[in-house]
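*Asks:* Provided below: model_11.tsv, containing TSV, C-alpha atoms.
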```
chain	number	residue	atom	x	y	z
A	20	MET	CA	-29.10	31.70	16.11
A	21	SER	CA	-29.59	30.08	19.48
A	22	ASP	CA	-30.14	26.44	20.33
A	23	ALA	CA	-33.80	27.27	20.88
A	24	SER	CA	-34.21	27.02	17.10
A	25	ILE	CA	-33.00	23.44	16.96
A	26	ASN	CA	-35.66	21.01	15.90
A	27	ALA	CA	-35.43	18.33	18.56
A	28	SER	CA	-36.57	15.61	16.16
A	29	THR	CA	-33.48	16.11	13.96
A	30	ILE	CA	-31.00	15.91	16.83
A	31	ARG	CA	-29.06	12.69	17.07
A	32	GLU	CA	-27.83	11.54	20.48
A	33	ASP	CA	-24.70	10.08	18.88
A	34	GLU	CA	-23.88	13.11	16.75
A	35	ALA	CA	-20.30	13.00	15.52
A	36	SER	CA	-17.49	14.81	17.27
A	37	PHE	CA	-14.49	16.37	15.55
A	38	GLY	CA	-12.53	13.20	16.32
A	39	ASP	CA	-15.04	11.08	14.40
A	40	TYR	CA	-14.42	13.09	11.24
A	41	PHE	CA	-10.69	12.84	11.84
A	42	ALA	CA	-11.05	9.05	12.22
A	43	LEU	CA	-12.47	8.96	8.67
A	44	LEU	CA	-8.99	9.91	7.47
A	45	LYS	CA	-7.48	6.69	8.91
A	46	PRO	CA	-4.88	8.41	11.12
A	47	ARG	CA	-2.76	5.27	11.55
A	48	VAL	CA	-2.40	4.81	7.80
A	49	MET	CA	-1.76	8.55	7.54
A	50	SER	CA	1.14	8.28	10.00
A	51	LEU	CA	2.80	5.73	7.67
A	52	VAL	CA	2.16	8.05	4.71
A	53	VAL	CA	3.67	11.01	6.58
A	54	PHE	CA	6.76	9.06	7.56
A	55	THR	CA	7.49	7.49	4.16
A	56	ALA	CA	6.77	10.73	2.26
A	57	PHE	CA	9.07	12.59	4.66
A	58	VAL	CA	11.83	10.04	4.03
A	59	GLY	CA	11.31	10.30	0.25
A	60	LEU	CA	11.54	14.09	0.48
A	61	LEU	CA	14.72	14.13	2.57
A	62	ALA	CA	16.43	11.27	0.72
A	63	ALA	CA	16.20	13.30	-2.50
A	64	PRO	CA	19.54	14.81	-3.52
A	65	VAL	CA	18.28	18.41	-3.45
A	66	GLY	CA	17.57	20.77	-0.60
A	67	VAL	CA	13.99	21.83	0.08
A	68	HIS	CA	12.89	24.90	2.02
A	69	PRO	CA	11.45	23.73	5.37
A	70	VAL	CA	8.09	25.44	4.75
A	71	ILE	CA	7.76	23.86	1.31
A	72	GLY	CA	8.85	20.49	2.70
A	73	PHE	CA	6.29	20.77	5.50
A	74	CYS	CA	3.55	21.69	3.01
A	75	ALA	CA	4.52	18.79	0.74
A	76	VAL	CA	4.30	16.19	3.54
A	77	LEU	CA	1.11	17.76	4.91
A	78	PHE	CA	-0.72	17.72	1.58
A	79	ILE	CA	0.46	14.19	0.76
A	80	ALA	CA	-0.91	13.16	4.18
A	81	ILE	CA	-4.21	14.96	3.54
A	82	GLY	CA	-4.44	13.21	0.15
A	83	GLY	CA	-3.87	9.89	1.94
A	84	GLY	CA	-6.54	10.80	4.49
A	85	ALA	CA	-8.98	11.74	1.72
A	86	SER	CA	-8.46	8.30	0.17
A	87	GLY	CA	-9.23	6.77	3.57
A	88	ALA	CA	-12.52	8.71	3.84
A	89	LEU	CA	-13.55	7.66	0.31
A	90	ASN	CA	-12.60	4.07	1.14
A	91	MET	CA	-14.81	4.17	4.26
A	92	TRP	CA	-17.67	5.64	2.23
A	93	TRP	CA	-17.52	2.84	-0.35
A	94	ASP	CA	-16.81	0.01	2.11
A	95	ALA	CA	-19.38	0.99	4.76
A	96	ASP	CA	-21.33	-2.23	4.11
A	97	ILE	CA	-18.42	-4.60	4.73
A	98	ASP	CA	-16.98	-2.48	7.56
A	99	GLN	CA	-20.23	-3.14	9.40
A	100	VAL	CA	-19.64	-6.89	9.25
A	101	MET	CA	-15.98	-7.06	10.22
A	102	LYS	CA	-15.01	-6.99	13.90
A	103	ARG	CA	-11.88	-4.97	13.14
A	104	THR	CA	-13.78	-2.19	11.36
A	105	LYS	CA	-17.29	-2.08	12.79
A	106	SER	CA	-16.42	0.71	15.23
A	107	ARG	CA	-15.43	3.03	12.36
A	108	PRO	CA	-17.51	6.25	12.25
A	109	ILE	CA	-19.93	5.18	9.47
A	110	PRO	CA	-20.82	1.65	10.67
A	111	ALA	CA	-20.98	3.01	14.24
A	112	GLY	CA	-23.70	5.41	13.02
A	113	LYS	CA	-21.83	8.57	13.95
A	114	VAL	CA	-21.17	9.89	10.45
A	115	GLU	CA	-23.36	9.59	7.36
A	116	ALA	CA	-21.80	7.86	4.35
A	117	GLY	CA	-22.53	10.96	2.26
A	118	GLU	CA	-20.55	13.12	4.67
A	119	ALA	CA	-17.53	10.85	4.25
A	120	LEU	CA	-17.91	11.12	0.47
A	121	SER	CA	-18.05	14.93	0.62
A	122	LEU	CA	-15.09	15.16	2.98
A	123	GLY	CA	-13.06	12.73	0.86
A	124	LEU	CA	-13.76	14.57	-2.40
A	125	ALA	CA	-13.12	18.01	-0.92
A	126	LEU	CA	-9.85	16.99	0.69
A	127	SER	CA	-8.73	15.16	-2.47
A	128	GLY	CA	-9.16	18.32	-4.54
A	129	LEU	CA	-7.57	20.54	-1.90
A	130	SER	CA	-4.53	18.29	-1.37
A	131	VAL	CA	-3.79	17.80	-5.08
A	132	ILE	CA	-4.09	21.50	-5.97
A	133	MET	CA	-2.13	22.67	-2.93
A	134	LEU	CA	0.66	20.11	-3.47
A	135	ALA	CA	0.97	21.17	-7.11
A	136	LEU	CA	1.10	24.85	-6.10
A	137	ALA	CA	3.51	24.31	-3.21
A	138	THR	CA	5.93	22.02	-5.07
A	139	ASN	CA	5.35	21.10	-8.71
A	140	VAL	CA	2.64	19.83	-11.04
A	141	LEU	CA	4.19	16.36	-11.42
A	142	ALA	CA	3.95	15.77	-7.64
A	143	GLY	CA	0.32	16.93	-7.68
A	144	ALA	CA	-0.45	14.64	-10.63
A	145	PHE	CA	1.12	11.67	-8.82
A	146	LEU	CA	-0.93	12.38	-5.71
A	147	ALA	CA	-4.09	12.54	-7.84
A	148	PHE	CA	-3.17	9.23	-9.45
A	149	THR	CA	-2.50	7.65	-6.03
A	150	ILE	CA	-5.93	8.71	-4.74
A	151	PHE	CA	-7.56	7.41	-7.94
A	152	PHE	CA	-5.63	4.14	-7.68
A	153	TYR	CA	-6.55	3.53	-4.04
A	154	VAL	CA	-10.19	4.53	-4.32
A	155	VAL	CA	-11.21	3.37	-7.79
A	156	VAL	CA	-8.76	0.62	-8.76
A	157	TYR	CA	-8.32	-0.94	-5.30
A	158	THR	CA	-11.43	-0.11	-3.22
A	159	MET	CA	-14.13	-0.10	-5.88
A	160	TRP	CA	-12.77	-2.68	-8.25
A	161	LEU	CA	-10.12	-5.14	-7.09
A	162	LYS	CA	-10.77	-5.47	-3.36
A	163	ARG	CA	-13.94	-7.46	-3.90
A	164	ALA	CA	-12.90	-9.05	-7.18
A	165	THR	CA	-9.56	-10.81	-6.71
A	166	PRO	CA	-7.54	-12.49	-3.95
A	167	GLN	CA	-4.55	-10.48	-5.22
A	168	ASN	CA	-6.35	-7.37	-3.89
A	169	ILE	CA	-3.72	-6.75	-1.24
A	170	VAL	CA	-0.84	-7.08	-3.70
A	171	ILE	CA	-2.26	-4.48	-6.08
A	172	GLY	CA	-3.72	-2.28	-3.35
A	173	GLY	CA	-0.29	-2.19	-1.74
A	174	ALA	CA	0.88	-0.06	-4.64
A	175	ALA	CA	-1.29	2.83	-3.46
A	176	GLY	CA	0.34	2.75	-0.03
A	177	ALA	CA	3.77	2.60	-1.67
A	178	PHE	CA	3.46	5.86	-3.62
A	179	PRO	CA	4.07	8.46	-0.83
A	180	PRO	CA	7.91	8.23	-0.83
A	181	VAL	CA	7.85	8.61	-4.62
A	182	ILE	CA	5.62	11.69	-4.33
A	183	GLY	CA	7.91	13.09	-1.60
A	184	TRP	CA	10.94	12.61	-3.87
A	185	ILE	CA	9.21	14.23	-6.86
A	186	ALA	CA	8.04	17.11	-4.67
A	187	ALA	CA	11.70	17.81	-3.87
A	188	THR	CA	13.28	17.20	-7.27
A	189	GLY	CA	10.50	17.65	-9.82
A	190	THR	CA	11.93	14.66	-11.68
A	191	MET	CA	11.96	10.89	-11.54
A	192	SER	CA	14.84	8.51	-10.85
A	193	VAL	CA	15.40	4.94	-9.72
A	194	GLU	CA	15.81	5.51	-5.96
A	195	PRO	CA	12.21	6.49	-5.13
A	196	TRP	CA	11.03	3.44	-7.02
A	197	LEU	CA	13.20	1.27	-4.77
A	198	MET	CA	11.35	2.76	-1.79
A	199	PHE	CA	8.10	2.11	-3.65
A	200	ALA	CA	9.11	-1.52	-4.25
A	201	LEU	CA	10.05	-1.97	-0.60
A	202	THR	CA	6.58	-0.95	0.63
A	203	PHE	CA	4.87	-2.75	-2.26
A	204	MET	CA	6.56	-6.09	-1.50
A	205	TRP	CA	6.14	-5.63	2.26
A	206	THR	CA	2.36	-5.12	2.12
A	207	PRO	CA	1.21	-8.66	1.16
A	208	PRO	CA	3.03	-10.59	3.93
A	209	HIS	CA	1.97	-7.90	6.41
A	210	PHE	CA	-1.73	-8.18	5.53
A	211	TRP	CA	-1.81	-11.93	4.97
A	212	ALA	CA	-0.40	-12.46	8.45
A	213	LEU	CA	-3.26	-10.29	9.74
A	214	ALA	CA	-5.77	-12.28	7.65
A	215	LEU	CA	-4.50	-15.52	9.22
A	216	PHE	CA	-5.32	-14.48	12.76
A	217	MET	CA	-8.38	-12.27	12.00
A	218	ARG	CA	-9.78	-15.32	10.28
A	219	SER	CA	-13.54	-14.92	10.46
A	220	ASP	CA	-13.53	-11.20	9.57
A	221	TYR	CA	-12.82	-11.48	5.86
A	222	ASP	CA	-14.90	-14.66	5.55
A	223	ASP	CA	-17.92	-12.91	7.06
A	224	ALA	CA	-17.52	-9.87	4.82
A	225	GLY	CA	-17.11	-11.98	1.69
A	226	VAL	CA	-13.88	-10.20	0.75
A	227	PRO	CA	-11.88	-12.61	-1.43
A	228	MET	CA	-8.79	-12.69	0.75
A	229	LEU	CA	-6.23	-15.32	-0.16
A	230	THR	CA	-7.12	-17.16	3.06
A	231	VAL	CA	-10.72	-17.47	1.82
A	232	THR	CA	-10.18	-18.25	-1.86
A	233	HIS	CA	-7.01	-20.37	-1.88
A	234	GLY	CA	-6.93	-21.59	1.68
A	235	ARG	CA	-4.73	-20.94	4.65
A	236	ARG	CA	-1.94	-23.30	3.54
A	237	ALA	CA	-1.53	-21.34	0.28
A	238	THR	CA	-1.46	-18.10	2.29
A	239	ARG	CA	1.43	-19.40	4.41
A	240	VAL	CA	3.33	-20.35	1.23
A	241	HIS	CA	2.63	-16.90	-0.27
A	242	ILE	CA	3.90	-15.14	2.88
A	243	LEU	CA	7.19	-17.04	2.68
A	244	ALA	CA	7.60	-16.44	-1.07
A	245	TYR	CA	6.98	-12.69	-0.76
A	246	THR	CA	9.28	-12.44	2.25
A	247	VAL	CA	12.14	-14.07	0.31
A	248	LEU	CA	11.64	-11.67	-2.62
A	249	LEU	CA	11.34	-8.75	-0.19
A	250	ALA	CA	14.61	-9.71	1.53
A	251	ILE	CA	16.48	-9.75	-1.81
A	252	LEU	CA	15.06	-6.36	-2.72
A	253	ALA	CA	15.60	-4.79	0.72
A	254	ILE	CA	19.24	-5.89	0.94
A	255	GLY	CA	19.91	-4.97	-2.70
A	256	THR	CA	18.64	-1.44	-1.98
A	257	ALA	CA	21.57	-1.03	0.43
A	258	PHE	CA	23.88	-0.70	-2.59
A	259	SER	CA	21.84	2.04	-4.29
A	260	GLY	CA	22.04	5.82	-3.92
A	261	ILE	CA	19.77	5.78	-0.85
A	262	GLY	CA	21.59	2.93	0.90
A	263	GLY	CA	24.76	2.79	2.95
A	264	PRO	CA	26.39	0.83	5.78
A	265	ILE	CA	23.74	1.74	8.38
A	266	TYR	CA	20.94	0.72	6.06
A	267	LEU	CA	22.78	-2.50	5.16
A	268	ALA	CA	23.20	-3.46	8.83
A	269	VAL	CA	19.49	-2.78	9.54
A	270	ALA	CA	18.41	-4.65	6.39
A	271	VAL	CA	20.51	-7.73	7.16
A	272	VAL	CA	19.24	-8.02	10.75
A	273	MET	CA	15.59	-7.22	10.03
A	274	ASN	CA	15.37	-9.45	6.96
A	275	ALA	CA	16.95	-12.35	8.85
A	276	LEU	CA	14.28	-11.94	11.56
A	277	PHE	CA	11.51	-11.50	9.00
A	278	LEU	CA	12.58	-14.59	7.07
A	279	LEU	CA	12.70	-16.56	10.29
A	280	GLY	CA	9.17	-15.40	11.14
A	281	ALA	CA	7.89	-16.30	7.67
A	282	TRP	CA	9.57	-19.72	7.91
A	283	LYS	CA	7.84	-20.36	11.24
A	284	ILE	CA	4.46	-19.43	9.74
A	285	PHE	CA	5.18	-21.70	6.76
A	286	GLY	CA	6.06	-24.63	9.03
A	287	ARG	CA	2.90	-24.41	11.13
A	288	ASN	CA	-0.50	-25.92	10.50
A	289	GLU	CA	-3.88	-24.70	11.72
A	290	ASP	CA	-3.82	-26.90	14.83
A	291	ASP	CA	-0.48	-25.44	15.93
A	292	SER	CA	-1.80	-21.92	15.38
A	293	GLU	CA	-5.08	-22.54	17.17
A	294	GLU	CA	-3.23	-24.03	20.11
A	295	ASP	CA	-1.24	-20.88	20.91
A	296	ASN	CA	-3.79	-18.40	19.52
A	297	PHE	CA	-1.73	-17.57	16.41
A	298	LYS	CA	1.32	-16.49	18.39
A	299	ALA	CA	3.76	-16.76	15.46
A	300	GLU	CA	1.38	-14.97	13.07
A	301	ARG	CA	0.74	-12.17	15.56
A	302	SER	CA	4.43	-11.63	16.29
A	303	PHE	CA	5.21	-11.67	12.53
A	304	PHE	CA	2.58	-8.95	12.05
A	305	LYS	CA	4.08	-6.83	14.84
A	306	LEU	CA	7.57	-7.39	13.45
A	307	SER	CA	6.39	-6.25	10.02
A	308	LEU	CA	5.52	-2.81	11.45
A	309	LEU	CA	8.98	-2.47	12.97
A	310	TYR	CA	10.51	-3.83	9.75
A	311	LEU	CA	9.18	-1.03	7.57
A	312	PHE	CA	9.81	1.68	10.16
A	313	LEU	CA	13.46	0.66	10.60
A	314	HIS	CA	14.15	0.37	6.87
A	315	PHE	CA	12.80	3.84	6.15
A	316	GLY	CA	14.42	5.14	9.34
A	317	ALA	CA	17.78	3.86	8.08
A	318	ILE	CA	17.27	5.53	4.66
A	319	LEU	CA	16.48	8.76	6.51
A	320	LEU	CA	19.57	8.45	8.71
A	321	GLU	CA	21.80	7.84	5.68
A	322	ALA	CA	20.36	10.98	4.04
A	323	LEU	CA	20.76	13.10	7.18
A	324	LEU	CA	24.38	12.00	7.67
A	325	LYS	CA	25.41	12.60	4.05
A	326	PRO	CA	26.18	16.32	4.47
A	327	TYR	CA	28.71	15.32	7.17
A	328	GLY	CA	30.39	12.77	4.90
A	329	LEU	CA	29.04	9.85	6.94
A	330	GLY	CA	25.93	8.59	5.13
A	331	GLY	CA	25.97	6.50	1.98
A	332	TRP	CA	28.93	4.64	0.51
B	27	MET	CA	-34.65	14.72	23.97
B	28	ALA	CA	-34.24	17.47	26.55
B	29	LEU	CA	-31.58	19.99	25.72
B	30	ASN	CA	-30.17	21.50	28.87
B	31	LYS	CA	-27.26	23.90	28.80
B	32	GLU	CA	-24.64	21.28	29.68
B	33	HIS	CA	-25.86	18.66	27.27
B	34	ASP	CA	-23.09	16.60	25.70
B	35	LEU	CA	-24.35	17.66	22.28
B	36	HIS	CA	-23.25	21.24	22.94
B	37	LYS	CA	-19.77	20.11	23.89
B	38	ARG	CA	-19.45	18.03	20.74
B	39	ARG	CA	-20.69	20.85	18.52
B	40	PHE	CA	-18.41	23.35	20.24
B	41	GLY	CA	-15.49	20.95	19.76
B	42	ARG	CA	-16.34	20.55	16.10
B	43	ASN	CA	-16.64	24.29	15.54
B	44	MET	CA	-13.37	24.97	17.34
B	45	GLY	CA	-11.67	22.25	15.30
B	46	VAL	CA	-12.87	23.69	12.00
B	47	ALA	CA	-11.93	27.23	13.10
B	48	LEU	CA	-8.42	26.14	14.07
B	49	LEU	CA	-7.97	24.23	10.81
B	50	LEU	CA	-9.10	27.18	8.70
B	51	GLY	CA	-6.89	29.57	10.68
B	52	SER	CA	-3.90	27.24	10.27
B	53	PHE	CA	-4.58	26.95	6.56
B	54	VAL	CA	-4.56	30.73	6.15
B	55	VAL	CA	-1.25	30.97	8.05
B	56	LEU	CA	0.20	28.15	5.96
B	57	VAL	CA	-0.79	29.76	2.64
B	58	LEU	CA	0.68	33.06	3.85
B	59	ALA	CA	3.97	31.38	4.84
B	60	LEU	CA	4.10	29.51	1.54
B	61	THR	CA	3.49	32.72	-0.40
B	62	ILE	CA	6.29	34.54	1.46
B	63	VAL	CA	8.70	31.66	0.81
B	64	LYS	CA	7.80	31.51	-2.88
B	65	VAL	CA	8.00	35.28	-3.37
B	66	THR	CA	11.34	35.65	-1.57
B	67	SER	CA	12.98	32.58	-3.12
B	68	ASN	CA	15.54	32.92	-5.91
B	69	GLY	CA	14.21	33.00	-9.41
B	70	PHE	CA	10.90	34.63	-8.58
B	71	GLN	CA	10.15	37.66	-10.75
B	72	PHE	CA	7.35	40.14	-10.27
B	73	PRO	CA	5.38	40.63	-13.48
B	74	GLN	CA	6.17	43.87	-15.29
B	75	THR	CA	3.75	46.69	-14.68
B	76	GLN	CA	2.22	48.78	-17.49
B	77	GLY	CA	4.52	51.74	-16.76
B	78	GLU	CA	7.68	49.60	-16.92
B	79	GLN	CA	6.67	48.12	-20.26
B	80	ASP	CA	6.38	51.59	-21.85
```
Starting from the coordinates I provided, produce the structure as C-alpha cells.
*Replies:*
Amino acid sequence: MSDASINASTIREDEASFGDYFALLKPRVMSLVVFTAFVGLLAAPVGVHPVIGFCAVLFIAIGGGASGALNMWWDADIDQVMKRTKSRPIPAGKVEAGEALSLGLALSGLSVIMLALATNVLAGAFLAFTIFFYVVVYTMWLKRATPQNIVIGGAAGAFPPVIGWIAATGTMSVEPWLMFALTFMWTPPHFWALALFMRSDYDDAGVPMLTVTHGRRATRVHILAYTVLLAILAIGTAFSGIGGPIYLAVAVVMNALFLLGAWKIFGRNEDDSEEDNFKAERSFFKLSLLYLFLHFGAILLEALLKPYGLGGW
Amino acid sequence: MALNKEHDLHKRRFGRNMGVALLLGSFVVLVLALTIVKVTSNGFQFPQTQGEQD
C-alpha cells in the first residue's frame, strides 16, 4: 500500500515517533529498576547464567515500563496540569490515552509470562503483583486519596531488587527485603524534597501531597524523621549478608551527608527557601539520587568481590 | 496537509516501523538464546518418545 491511500484528514501533524512510545515507559524510572534488579540478582548467593540473568533484568525493566505506561494512561488529566509532566506524550497530544493503555497491558502480560518462563514462577508472580500494586493500589487508589501516597507508592519502586533475588534463587530470604526497605524508606524524603521546590505543581493538580494537606512545615519534619529511620536501616544493613566494609564506609559517609541535608531542610522556613530558590531542598534531592546509587553500588561491589575473598565480612 | 516525499511524517513512520522491526527481531533472538540455554543446562530432560516407552 502506498502513501497515496492515506486519508489526509486522518493524518496528524504531531504523530508520535518511536521515542514518544518509549517515553511512555518512563525510561528514567526504568533505569533505576534495571540497576536495583541487577544488584538484587547478583547479590543473591547463587550463580545465574548470563543469558538468564539478562532476560530477568530485561523483563523486570519491561514490567516497570508497562507500569509507567499504565500510570500515564490513568494520570493523563493531572499530567496536563503539572509543569513537570505536561510534556509527557499523552498531555502533549502525541499519543492517545488508549494507546498507552494497550501498550501497558500488552507489555505487562509479556514481561510477567517471559520472566516466569526465563526464571521461575515466583519471580513472575512478584512482578505481576508489583505492576498491580503500582497501577491499581498506588496510581488509581492512593495517589489521589491520601498524603501518604508517596510512602505506600514507594513500595512498588522497591520491589525490583526482591524480584531480581527471587529470579536467581527461586526462594525468599531476609537480604532482598533489606534492599526493599532501603528503597522504601528512601522514597518519601526524596519525593517530599521535590514537592517542596515544585510547589505549585501538586497544588494545581489537586494531588494530596503532604505539602498540600499538612503544610510545608510538617513536610520538613517528615523528611527529617524518615531520614533518621533510613540512616539506622542503611547502616544496619552493613552487618547483614549483603553488607561488608565497603558498604559500611559508603553508608556512614552518605548517611551523614543525608542527615545533614535533612537537618538543613528542617531548620529552614519558607522565607529562607524562597530567598535562595530552594537551594538546600534542591541539593538534598540531587544528593538523594547519588545516595541510592552508591548504596546499591556498594552492595554490588561486595557481591562481585566475594568470589575473591574480599567482599562481605 | 500536503504530503511530499520528504515530509517529516514519513520519517517518523519509518522510524517507528524500524523500531518495531528491530524489537521483534531482538525478541526472536532472545527467545532462541534462552531456549538454547535452558535445553543445554543441567537437569533438562527431553520427554520420552513413543518408541522409547515401548
*Asks:* Near chain A, which residues of chain B fall within 7 Å when you count all atoms listed in the file, and what do they look like as a PDB file with C-alpha atoms, in the coordinates of the input?
*Replies:*
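Everything below was put into iface_18.pdb:
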```pdb
ATOM      1  CA  MET B  27     -34.650  14.720  23.970  1.00  0.00           C
ATOM      2  CA  ARG B  38     -19.450  18.030  20.740  1.00  0.00           C
ATOM      3  CA  ARG B  39     -20.690  20.850  18.520  1.00  0.00           C
ATOM      4  CA  GLY B  41     -15.490  20.950  19.760  1.00  0.00           C
ATOM      5  CA  ARG B  42     -16.340  20.550  16.100  1.00  0.00           C
ATOM      6  CA  GLY B  45     -11.670  22.250  15.300  1.00  0.00           C
ATOM      7  CA  LEU B  60       4.100  29.510   1.540  1.00  0.00           C
TER       8      LEU B  60
END
```
*Asks:* Measure the distance from atom CA of Trp93 of chain A to atom CA of Ala135 of chain A in Å and round it to one decimal.
*Replies:*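 Between atom CA of Trp93 of chain A and atom CA of Ala135 of chain A the gap works out to 26.9 Å.
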*Asks:* Counting all atoms listed in the file, which residues have an atom no more than 12 Å from (16.3, -8.3, 9.9) in the file's coordinates? Please list them as a PyMOL selection string.
*Replies:* chain A and resi 246-247+249-251+253-254+266-281+303+306-307+309-314
*Asks:* Using atom CA of Gly176 of chain A and atom CA of Gly51 of chain B as the two end points, give the distance in Å to one decimal.
*Replies:*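 Atom CA of Gly51 of chain B lies at a distance of 29.8 Å from atom CA of Gly176 of chain A.
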*Asks:* Nearest to Gly225 of chain A among A:Val154, A:Leu122, A:Ala237, A:Ala164, with distances taken over only C-alpha atoms: which residue is it?
*Replies:*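 Under the stated criterion, the closest residue is A:Ala164.
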*Asks:* Find, counting all atoms listed in the file, the residue in A:Ser259, A:Gln167, A:Thr188, A:Asn288 that gets nearest to Leu60 of chain A.
*Replies:*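 Smallest distance to Leu60 of chain A is found for A:Thr188.
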*Asks:* Just the number, please: distance in Å from atom CA of Pro46 of chain A to atom CA of Tyr245 of chain A, one decimal.
*Replies:* 27.0 Å
*Asks:* Around the point (22.7, 11.9, 4.7) (coordinates from the file), which residues reach within 12 Å if we count all atoms listed in the file? Answer as a PyMOL selection string.
*Replies:* chain A and resi 58+61-66+260-266+316-332
*Asks:* Which residue, A:Ala80, A:Leu124, A:Leu213, A:Leu43, has the smallest gap to Ala95 of chain A when you use only C-alpha atoms?
*Replies:*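 Looking at the shortest contact to Ala95 of chain A, the residue is A:Leu43.
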